[in-house]
Amino acid sequence: MSTVRRVRVELGERGYDVLVGRGLLGRAGELLAEVLDGPEAVLVTDSHLLATDLPGRVGRSLEAAGLRYRTVVVPAGEASKSLERLAALLEAILEGGADRRLAVLALGGGMIGDLAGLAAALLLRGVPFVQLPTSLLAQVDSSVGGKTGVNSRFGKNLVGAFWQPRRVLIDVEALSTLPRRELLAGYAELVKHAFIKDRALFDWLDRHVEPLLGGDPDLRIEAIARSVAIKAAVVGADERETGGERALLNFGHTFAHAYETLTGYGAELLHGEAVALGMAQAFALSTRLGRCPAADAEAARAHLARVGLPVRPSAVRRGGFPVEETLALMRRDKKATGGKLTFVLATGIGRAELARDVDEAEVRALLAGDG
């Protein structure tokens, strides 16, 4: 049996373990039984995953551990992160019967984790929740930390709740059939943690990124565990983003969420691609404002470009994005206060800070110049 890395999210009585390894979905029953309140579970997954062996693998392990479950399938895609789909999911769970010991298990990417997590938070005012992330983006980001939510026509993740999982199982074998584009989208969130907190991790990734993306399971376990450990420490220090520390996890997201809204959360721009573009622009803005050494910003942007992630708006859409529309969406960002733009800026690779004093004219000039 391969080594399982265990990362603890320290939140007192609500603390939980994130397990990283190979073959964990096939052991889900034994690994979850000890943290659930009862023998009943709902496995929420999407229509794409239903065509794979992953739901069956999880289901067999649950049954072997004496857990009874039923499956609810959600249409694949970011469009399912909606109030309408949330209501339908809640009704589907309630239709099969539910009490407060019922566990909601989210098997899928970030959309499934966010949607099922919010459903778990709302169902009977809160039932046990488990994350079984199958995309790299969900494994290193959305599955850890308790943020759940759906999108509104006014922006991304504007309706949600903090609802921590009982446990997170990260199985690197689930990544074996992931398209490279989605793998890269997840890698953007992984390297983000290095950008804001750990220069040594960035240097390690810069040396190992090709075999890591190529499928080496040991490198993937190492990279994911180190990345998750950074997020776990941040969440443990500032669970509800009230002290400023957790806001650092939004590095690049002020730009990214605006671009996602402009592209309609569709296939034109995946979330991780938007984050990569946003981080490249955040580094450029940080340098423009004299906060970050130019050499660090260039090294970061070069790393992202080297693996095939976008670092300029024109790489996503010919001619880029309309400057004033982009700025208007940035003013609606959750970090904005009083309509003033707020950014997470880099002071170097491995260091970041929250800035509420950014001159909008500087941002406009950056956007007009294609980042």
# chains A, B, ... in the order shown; residues from 1 in each chain; ligands from 1

$ residues_around --residues "A:Leu19" --least-positions-apart "2" --cutoff "6 Å" --atoms "only C-alpha atoms" --output "JSON, numbers by chain"
{"A": [5, 6, 169, 170]}

$ residues_around --residues "A:Ala256" --least-positions-apart "3" --cutoff "10 Å" --atoms "only C-alpha atoms" --output "list in words"
Asn250, Phe251, Gly252, His253, Tyr259, Glu260, Thr261, Leu262, Leu269, Leu270, His271, Gly272, Glu273, Ala274, Val275, Ala276, Leu277, Gly278, Met279, Gln281, Thr326 and Met330 of chain A

$ write_last_selection --atoms "N, CA and C atoms" --output "PDB file, in the first residue's frame"
ATOM      1  N   ASN A 250      -6.927  34.661  -2.552  1.00  0.00           N
ATOM      2  CA  ASN A 250      -7.575  35.227  -3.735  1.00  0.00           C
ATOM      3  C   ASN A 250      -6.584  35.902  -4.677  1.00  0.00           C
ATOM      4  N   PHE A 251      -5.312  35.598  -4.526  1.00  0.00           N
ATOM      5  CA  PHE A 251      -4.294  36.173  -5.414  1.00  0.00           C
ATOM      6  C   PHE A 251      -4.673  35.894  -6.873  1.00  0.00           C
ATOM      7  N   GLY A 252      -4.768  36.950  -7.655  1.00  0.00           N
ATOM      8  CA  GLY A 252      -5.126  36.828  -9.066  1.00  0.00           C
ATOM      9  C   GLY A 252      -6.613  36.770  -9.334  1.00  0.00           C
ATOM     10  N   HIS A 253      -7.429  36.598  -8.294  1.00  0.00           N
ATOM     11  CA  HIS A 253      -8.845  36.354  -8.494  1.00  0.00           C
ATOM     12  C   HIS A 253      -9.656  37.607  -8.803  1.00  0.00           C
ATOM     13  N   TYR A 259     -12.994  38.196 -15.641  1.00  0.00           N
ATOM     14  CA  TYR A 259     -12.891  37.539 -16.946  1.00  0.00           C
ATOM     15  C   TYR A 259     -13.861  36.363 -17.054  1.00  0.00           C
ATOM     16  N   GLU A 260     -14.048  35.641 -15.953  1.00  0.00           N
ATOM     17  CA  GLU A 260     -14.998  34.526 -15.989  1.00  0.00           C
ATOM     18  C   GLU A 260     -16.415  35.024 -16.230  1.00  0.00           C
ATOM     19  N   THR A 261     -16.760  36.141 -15.600  1.00  0.00           N
ATOM     20  CA  THR A 261     -18.095  36.703 -15.814  1.00  0.00           C
ATOM     21  C   THR A 261     -18.257  37.149 -17.260  1.00  0.00           C
ATOM     22  N   LEU A 262     -17.235  37.777 -17.819  1.00  0.00           N
ATOM     23  CA  LEU A 262     -17.296  38.253 -19.200  1.00  0.00           C
ATOM     24  C   LEU A 262     -17.381  37.110 -20.199  1.00  0.00           C
ATOM     25  N   LEU A 269     -12.949  30.003 -21.216  1.00  0.00           N
ATOM     26  CA  LEU A 269     -11.965  30.285 -20.174  1.00  0.00           C
ATOM     27  C   LEU A 269     -12.311  29.477 -18.926  1.00  0.00           C
ATOM     28  N   LEU A 270     -11.489  28.479 -18.620  1.00  0.00           N
ATOM     29  CA  LEU A 270     -11.688  27.697 -17.400  1.00  0.00           C
ATOM     30  C   LEU A 270     -11.257  28.519 -16.183  1.00  0.00           C
ATOM     31  N   HIS A 271     -11.778  28.150 -15.007  1.00  0.00           N
ATOM     32  CA  HIS A 271     -11.461  28.916 -13.796  1.00  0.00           C
ATOM     33  C   HIS A 271      -9.955  28.999 -13.570  1.00  0.00           C
ATOM     34  N   GLY A 272      -9.262  27.884 -13.652  1.00  0.00           N
ATOM     35  CA  GLY A 272      -7.820  27.903 -13.409  1.00  0.00           C
ATOM     36  C   GLY A 272      -7.057  28.725 -14.433  1.00  0.00           C
ATOM     37  N   GLU A 273      -7.534  28.715 -15.676  1.00  0.00           N
ATOM     38  CA  GLU A 273      -6.911  29.561 -16.705  1.00  0.00           C
ATOM     39  C   GLU A 273      -7.111  31.031 -16.365  1.00  0.00           C
ATOM     40  N   ALA A 274      -8.308  31.370 -15.898  1.00  0.00           N
ATOM     41  CA  ALA A 274      -8.567  32.746 -15.489  1.00  0.00           C
ATOM     42  C   ALA A 274      -7.676  33.140 -14.318  1.00  0.00           C
ATOM     43  N   VAL A 275      -7.466  32.211 -13.376  1.00  0.00           N
ATOM     44  CA  VAL A 275      -6.595  32.489 -12.233  1.00  0.00           C
ATOM     45  C   VAL A 275      -5.158  32.689 -12.686  1.00  0.00           C
ATOM     46  N   ALA A 276      -4.689  31.857 -13.612  1.00  0.00           N
ATOM     47  CA  ALA A 276      -3.324  32.020 -14.131  1.00  0.00           C
ATOM     48  C   ALA A 276      -3.152  33.390 -14.773  1.00  0.00           C
ATOM     49  N   LEU A 277      -4.109  33.770 -15.610  1.00  0.00           N
ATOM     50  CA  LEU A 277      -4.068  35.087 -16.240  1.00  0.00           C
ATOM     51  C   LEU A 277      -4.113  36.176 -15.179  1.00  0.00           C
ATOM     52  N   GLY A 278      -4.988  36.015 -14.193  1.00  0.00           N
ATOM     53  CA  GLY A 278      -5.094  37.005 -13.125  1.00  0.00           C
ATOM     54  C   GLY A 278      -3.824  37.124 -12.308  1.00  0.00           C
ATOM     55  N   MET A 279      -3.165  35.997 -12.028  1.00  0.00           N
ATOM     56  CA  MET A 279      -1.907  36.039 -11.272  1.00  0.00           C
ATOM     57  C   MET A 279      -0.815  36.726 -12.071  1.00  0.00           C
ATOM     58  N   GLN A 281      -1.228  39.043 -14.255  1.00  0.00           N
ATOM     59  CA  GLN A 281      -1.522  40.472 -14.219  1.00  0.00           C
ATOM     60  C   GLN A 281      -1.295  41.062 -12.827  1.00  0.00           C
ATOM     61  N   THR A 326     -14.489  45.396 -17.544  1.00  0.00           N
ATOM     62  CA  THR A 326     -13.659  44.634 -16.608  1.00  0.00           C
ATOM     63  C   THR A 326     -13.538  45.365 -15.283  1.00  0.00           C
ATOM     64  N   MET A 330     -14.763  44.326 -11.452  1.00  0.00           N
ATOM     65  CA  MET A 330     -13.811  44.309 -10.337  1.00  0.00           C
ATOM     66  C   MET A 330     -14.357  45.085  -9.134  1.00  0.00           C
TER      67      MET A 330
END

$ residues_around --residues "A:Ala368" --least-positions-apart "4" --cutoff "12 Å" --atoms "only C-alpha atoms" --output "NGL selection string"
:A and (281 or 312-314 or 319-327 or 361-364)

$ residues_around --residues "stretch 26-31 of chain A" --least-positions-apart "4" --cutoff "7 Å" --atoms "only C-alpha atoms" --output "number ranges by chain"
A: 57-58, 61-62, 64-65

$ residues_around --residues "A:Gly155" --least-positions-apart "3" --cutoff "9 Å" --atoms "only C-alpha atoms" --output "ChimeraX atom specification"
/A:151-152,158,257-258,260-261,329,332-333

$ atom_distance --atom1 "atom CA of A:Arg291" --atom2 "atom CA of A:Ser227"
24.4 Å

$ closest_residue --among "A:Thr148, A:Ser286, A:Thr347, A:Gln164" --to "A:Tyr16" --atoms "only C-alpha atoms"
A:Gln164

$ closest_residue --among "A:Leu54, A:Val159, A:Leu67, A:Ala232" --to "A:His193" --atoms "only C-alpha atoms"
A:Ala232

$ residues_around --residues "A:Pro55" --least-positions-apart "3" --cutoff "9 Å" --atoms "only C-alpha atoms" --output "ChimeraX atom specification"
/A:25,43,45,49-52,58-60,71,107

$ atom_distance --atom1 "atom CA of A:Gly117" --atom2 "atom CA of A:Trp163"
6.8 Å

$ closest_residue --among "A:Gly348, A:Gly108, A:Gly369, A:Pro211" --to "A:Asp171" --atoms "only C-alpha atoms"
A:Gly108

$ residues_around --residues "A:Val35" --least-positions-apart "4" --cutoff "12 Å" --atoms "only C-alpha atoms" --output "PyMOL selection string"
chain A and resi 14-17+28-31+39+101+103+128-130+165-168

$ write_last_selection --atoms "N, CA and C atoms" --output "PDB file, in the first residue's frame"
ATOM      1  N   ARG A  14     -14.024  21.404  14.914  1.00  0.00           N
ATOM      2  CA  ARG A  14     -14.401  21.229  13.498  1.00  0.00           C
ATOM      3  C   ARG A  14     -13.196  20.925  12.610  1.00  0.00           C
ATOM      4  N   GLY A  15     -12.061  20.668  13.218  1.00  0.00           N
ATOM      5  CA  GLY A  15     -10.879  20.334  12.448  1.00  0.00           C
ATOM      6  C   GLY A  15     -11.043  19.001  11.734  1.00  0.00           C
ATOM      7  N   TYR A  16     -10.270  18.798  10.682  1.00  0.00           N
ATOM      8  CA  TYR A  16     -10.394  17.569   9.900  1.00  0.00           C
ATOM      9  C   TYR A  16      -9.087  17.276   9.158  1.00  0.00           C
ATOM     10  N   ASP A  17      -9.012  16.030   8.684  1.00  0.00           N
ATOM     11  CA  ASP A  17      -7.832  15.579   7.954  1.00  0.00           C
ATOM     12  C   ASP A  17      -8.083  15.612   6.453  1.00  0.00           C
ATOM     13  N   ALA A  28     -12.761   4.505   0.272  1.00  0.00           N
ATOM     14  CA  ALA A  28     -13.549   5.595   0.859  1.00  0.00           C
ATOM     15  C   ALA A  28     -14.375   5.131   2.046  1.00  0.00           C
ATOM     16  N   GLY A  29     -14.997   3.969   1.941  1.00  0.00           N
ATOM     17  CA  GLY A  29     -15.842   3.496   3.031  1.00  0.00           C
ATOM     18  C   GLY A  29     -15.102   3.391   4.345  1.00  0.00           C
ATOM     19  N   GLU A  30     -13.975   2.692   4.346  1.00  0.00           N
ATOM     20  CA  GLU A  30     -13.207   2.513   5.588  1.00  0.00           C
ATOM     21  C   GLU A  30     -12.622   3.829   6.086  1.00  0.00           C
ATOM     22  N   LEU A  31     -12.271   4.731   5.160  1.00  0.00           N
ATOM     23  CA  LEU A  31     -11.649   5.991   5.555  1.00  0.00           C
ATOM     24  C   LEU A  31     -12.660   7.029   6.040  1.00  0.00           C
ATOM     25  N   PRO A  39     -25.308   5.638   9.089  1.00  0.00           N
ATOM     26  CA  PRO A  39     -24.998   4.730   7.986  1.00  0.00           C
ATOM     27  C   PRO A  39     -25.537   5.153   6.630  1.00  0.00           C
ATOM     28  N   ARG A 101     -28.277  12.993  10.388  1.00  0.00           N
ATOM     29  CA  ARG A 101     -27.110  12.116  10.345  1.00  0.00           C
ATOM     30  C   ARG A 101     -26.721  11.768   8.918  1.00  0.00           C
ATOM     31  N   ALA A 103     -25.126  11.884   5.454  1.00  0.00           N
ATOM     32  CA  ALA A 103     -23.894  12.508   4.962  1.00  0.00           C
ATOM     33  C   ALA A 103     -24.026  12.810   3.473  1.00  0.00           C
ATOM     34  N   PRO A 128     -23.580  16.332   7.838  1.00  0.00           N
ATOM     35  CA  PRO A 128     -22.171  16.015   7.565  1.00  0.00           C
ATOM     36  C   PRO A 128     -21.864  16.023   6.070  1.00  0.00           C
ATOM     37  N   PHE A 129     -20.644  16.431   5.768  1.00  0.00           N
ATOM     38  CA  PHE A 129     -20.222  16.658   4.380  1.00  0.00           C
ATOM     39  C   PHE A 129     -18.815  16.112   4.189  1.00  0.00           C
ATOM     40  N   VAL A 130     -18.573  15.489   3.046  1.00  0.00           N
ATOM     41  CA  VAL A 130     -17.256  14.945   2.720  1.00  0.00           C
ATOM     42  C   VAL A 130     -16.882  15.359   1.305  1.00  0.00           C
ATOM     43  N   PRO A 165     -15.910  20.328   5.635  1.00  0.00           N
ATOM     44  CA  PRO A 165     -16.114  18.886   5.480  1.00  0.00           C
ATOM     45  C   PRO A 165     -15.628  18.125   6.711  1.00  0.00           C
ATOM     46  N   ARG A 166     -16.083  16.897   6.839  1.00  0.00           N
ATOM     47  CA  ARG A 166     -15.590  16.030   7.899  1.00  0.00           C
ATOM     48  C   ARG A 166     -14.229  15.444   7.519  1.00  0.00           C
ATOM     49  N   ARG A 167     -14.019  15.240   6.229  1.00  0.00           N
ATOM     50  CA  ARG A 167     -12.754  14.695   5.745  1.00  0.00           C
ATOM     51  C   ARG A 167     -12.663  14.968   4.255  1.00  0.00           C
ATOM     52  N   VAL A 168     -11.436  15.042   3.762  1.00  0.00           N
ATOM     53  CA  VAL A 168     -11.187  15.201   2.329  1.00  0.00           C
ATOM     54  C   VAL A 168     -10.271  14.060   1.889  1.00  0.00           C
TER      55      VAL A 168
END

$ closest_residue --among "A:Pro310, A:Arg288, A:Thr3, A:Gly244" --to "A:Ala355" --atoms "only C-alpha atoms"
A:Gly244

$ atom_distance --atom1 "atom CA of A:Arg180" --atom2 "atom CA of A:Val234"
28.5 Å

$ closest_residue --among "A:Lys81, A:Gly290, A:Leu309, A:Glu91" --to "A:Glu182" --atoms "only C-alpha atoms"
A:Leu309

$ select_by_dssp --residues "stretch 61-157 of chain A" --states "strand (DSSP E)" --output "list in words"
Arg68, Tyr69, Arg70, Thr71, Val72, Val73, Val74, Ala103, Val104, Leu105, Ala106, Leu107, Gly108, Phe129, Val130, Gln131, Leu132, Pro133, Lys147, Thr148, Gly149, Val150, Asn151, Ser152, Gly155, Lys156 and Asn157 of chain A

$ write_last_selection --atoms "N, CA and C atoms" --output "PDB file, in the first residue's frame"
ATOM      1  N   ARG A  68     -24.982   2.660   3.622  1.00  0.00           N
ATOM      2  CA  ARG A  68     -25.982   2.659   2.567  1.00  0.00           C
ATOM      3  C   ARG A  68     -25.955   4.024   1.860  1.00  0.00           C
ATOM      4  N   TYR A  69     -26.087   4.001   0.557  1.00  0.00           N
ATOM      5  CA  TYR A  69     -26.007   5.263  -0.169  1.00  0.00           C
ATOM      6  C   TYR A  69     -26.940   5.257  -1.377  1.00  0.00           C
ATOM      7  N   ARG A  70     -27.262   6.463  -1.817  1.00  0.00           N
ATOM      8  CA  ARG A  70     -27.944   6.652  -3.087  1.00  0.00           C
ATOM      9  C   ARG A  70     -27.211   7.750  -3.837  1.00  0.00           C
ATOM     10  N   THR A  71     -27.363   7.772  -5.139  1.00  0.00           N
ATOM     11  CA  THR A  71     -26.612   8.701  -5.982  1.00  0.00           C
ATOM     12  C   THR A  71     -27.545   9.742  -6.592  1.00  0.00           C
ATOM     13  N   VAL A  72     -27.098  10.999  -6.557  1.00  0.00           N
ATOM     14  CA  VAL A  72     -27.797  12.086  -7.246  1.00  0.00           C
ATOM     15  C   VAL A  72     -26.828  12.661  -8.275  1.00  0.00           C
ATOM     16  N   VAL A  73     -27.278  12.714  -9.517  1.00  0.00           N
ATOM     17  CA  VAL A  73     -26.416  13.161 -10.614  1.00  0.00           C
ATOM     18  C   VAL A  73     -26.809  14.571 -11.048  1.00  0.00           C
ATOM     19  N   VAL A  74     -25.802  15.420 -11.171  1.00  0.00           N
ATOM     20  CA  VAL A  74     -25.971  16.816 -11.583  1.00  0.00           C
ATOM     21  C   VAL A  74     -25.372  16.978 -12.978  1.00  0.00           C
ATOM     22  N   ALA A 103     -25.126  11.884   5.454  1.00  0.00           N
ATOM     23  CA  ALA A 103     -23.894  12.508   4.962  1.00  0.00           C
ATOM     24  C   ALA A 103     -24.026  12.810   3.473  1.00  0.00           C
ATOM     25  N   VAL A 104     -23.561  13.977   3.069  1.00  0.00           N
ATOM     26  CA  VAL A 104     -23.488  14.343   1.656  1.00  0.00           C
ATOM     27  C   VAL A 104     -22.038  14.188   1.215  1.00  0.00           C
ATOM     28  N   LEU A 105     -21.819  13.335   0.213  1.00  0.00           N
ATOM     29  CA  LEU A 105     -20.478  13.085  -0.302  1.00  0.00           C
ATOM     30  C   LEU A 105     -20.373  13.702  -1.691  1.00  0.00           C
ATOM     31  N   ALA A 106     -19.417  14.606  -1.881  1.00  0.00           N
ATOM     32  CA  ALA A 106     -19.243  15.298  -3.156  1.00  0.00           C
ATOM     33  C   ALA A 106     -18.131  14.630  -3.951  1.00  0.00           C
ATOM     34  N   LEU A 107     -18.491  13.942  -5.019  1.00  0.00           N
ATOM     35  CA  LEU A 107     -17.522  13.272  -5.885  1.00  0.00           C
ATOM     36  C   LEU A 107     -17.467  14.009  -7.217  1.00  0.00           C
ATOM     37  N   GLY A 108     -16.386  14.746  -7.433  1.00  0.00           N
ATOM     38  CA  GLY A 108     -16.267  15.488  -8.683  1.00  0.00           C
ATOM     39  C   GLY A 108     -15.293  16.637  -8.565  1.00  0.00           C
ATOM     40  N   PHE A 129     -20.644  16.431   5.768  1.00  0.00           N
ATOM     41  CA  PHE A 129     -20.222  16.658   4.380  1.00  0.00           C
ATOM     42  C   PHE A 129     -18.815  16.112   4.189  1.00  0.00           C
ATOM     43  N   VAL A 130     -18.573  15.489   3.046  1.00  0.00           N
ATOM     44  CA  VAL A 130     -17.256  14.945   2.720  1.00  0.00           C
ATOM     45  C   VAL A 130     -16.882  15.359   1.305  1.00  0.00           C
ATOM     46  N   GLN A 131     -15.635  15.709   1.099  1.00  0.00           N
ATOM     47  CA  GLN A 131     -15.125  16.067  -0.219  1.00  0.00           C
ATOM     48  C   GLN A 131     -14.322  14.902  -0.800  1.00  0.00           C
ATOM     49  N   LEU A 132     -14.688  14.497  -2.027  1.00  0.00           N
ATOM     50  CA  LEU A 132     -13.959  13.483  -2.786  1.00  0.00           C
ATOM     51  C   LEU A 132     -13.582  14.108  -4.133  1.00  0.00           C
ATOM     52  N   PRO A 133     -12.630  15.034  -4.138  1.00  0.00           N
ATOM     53  CA  PRO A 133     -12.324  15.801  -5.351  1.00  0.00           C
ATOM     54  C   PRO A 133     -11.607  14.967  -6.415  1.00  0.00           C
ATOM     55  N   LYS A 147     -15.326  26.663   1.974  1.00  0.00           N
ATOM     56  CA  LYS A 147     -16.102  27.614   1.184  1.00  0.00           C
ATOM     57  C   LYS A 147     -17.008  26.841   0.231  1.00  0.00           C
ATOM     58  N   THR A 148     -18.304  27.140   0.274  1.00  0.00           N
ATOM     59  CA  THR A 148     -19.253  26.544  -0.654  1.00  0.00           C
ATOM     60  C   THR A 148     -20.025  27.673  -1.304  1.00  0.00           C
ATOM     61  N   GLY A 149     -20.621  27.421  -2.470  1.00  0.00           N
ATOM     62  CA  GLY A 149     -21.373  28.508  -3.077  1.00  0.00           C
ATOM     63  C   GLY A 149     -21.815  28.225  -4.490  1.00  0.00           C
ATOM     64  N   VAL A 150     -22.678  29.106  -4.968  1.00  0.00           N
ATOM     65  CA  VAL A 150     -23.133  29.071  -6.353  1.00  0.00           C
ATOM     66  C   VAL A 150     -22.987  30.478  -6.936  1.00  0.00           C
ATOM     67  N   ASN A 151     -23.093  30.536  -8.249  1.00  0.00           N
ATOM     68  CA  ASN A 151     -22.921  31.808  -8.948  1.00  0.00           C
ATOM     69  C   ASN A 151     -24.257  32.536  -9.114  1.00  0.00           C
ATOM     70  N   SER A 152     -24.157  33.838  -9.274  1.00  0.00           N
ATOM     71  CA  SER A 152     -25.303  34.676  -9.595  1.00  0.00           C
ATOM     72  C   SER A 152     -25.025  35.345 -10.934  1.00  0.00           C
ATOM     73  N   GLY A 155     -22.287  37.803 -10.570  1.00  0.00           N
ATOM     74  CA  GLY A 155     -20.890  37.441 -10.342  1.00  0.00           C
ATOM     75  C   GLY A 155     -20.744  36.041  -9.787  1.00  0.00           C
ATOM     76  N   LYS A 156     -19.502  35.640  -9.608  1.00  0.00           N
ATOM     77  CA  LYS A 156     -19.159  34.285  -9.210  1.00  0.00           C
ATOM     78  C   LYS A 156     -19.167  34.127  -7.690  1.00  0.00           C
ATOM     79  N   ASN A 157     -19.727  33.016  -7.224  1.00  0.00           N
ATOM     80  CA  ASN A 157     -19.696  32.639  -5.805  1.00  0.00           C
ATOM     81  C   ASN A 157     -20.289  33.704  -4.877  1.00  0.00           C
TER      82      ASN A 157
END
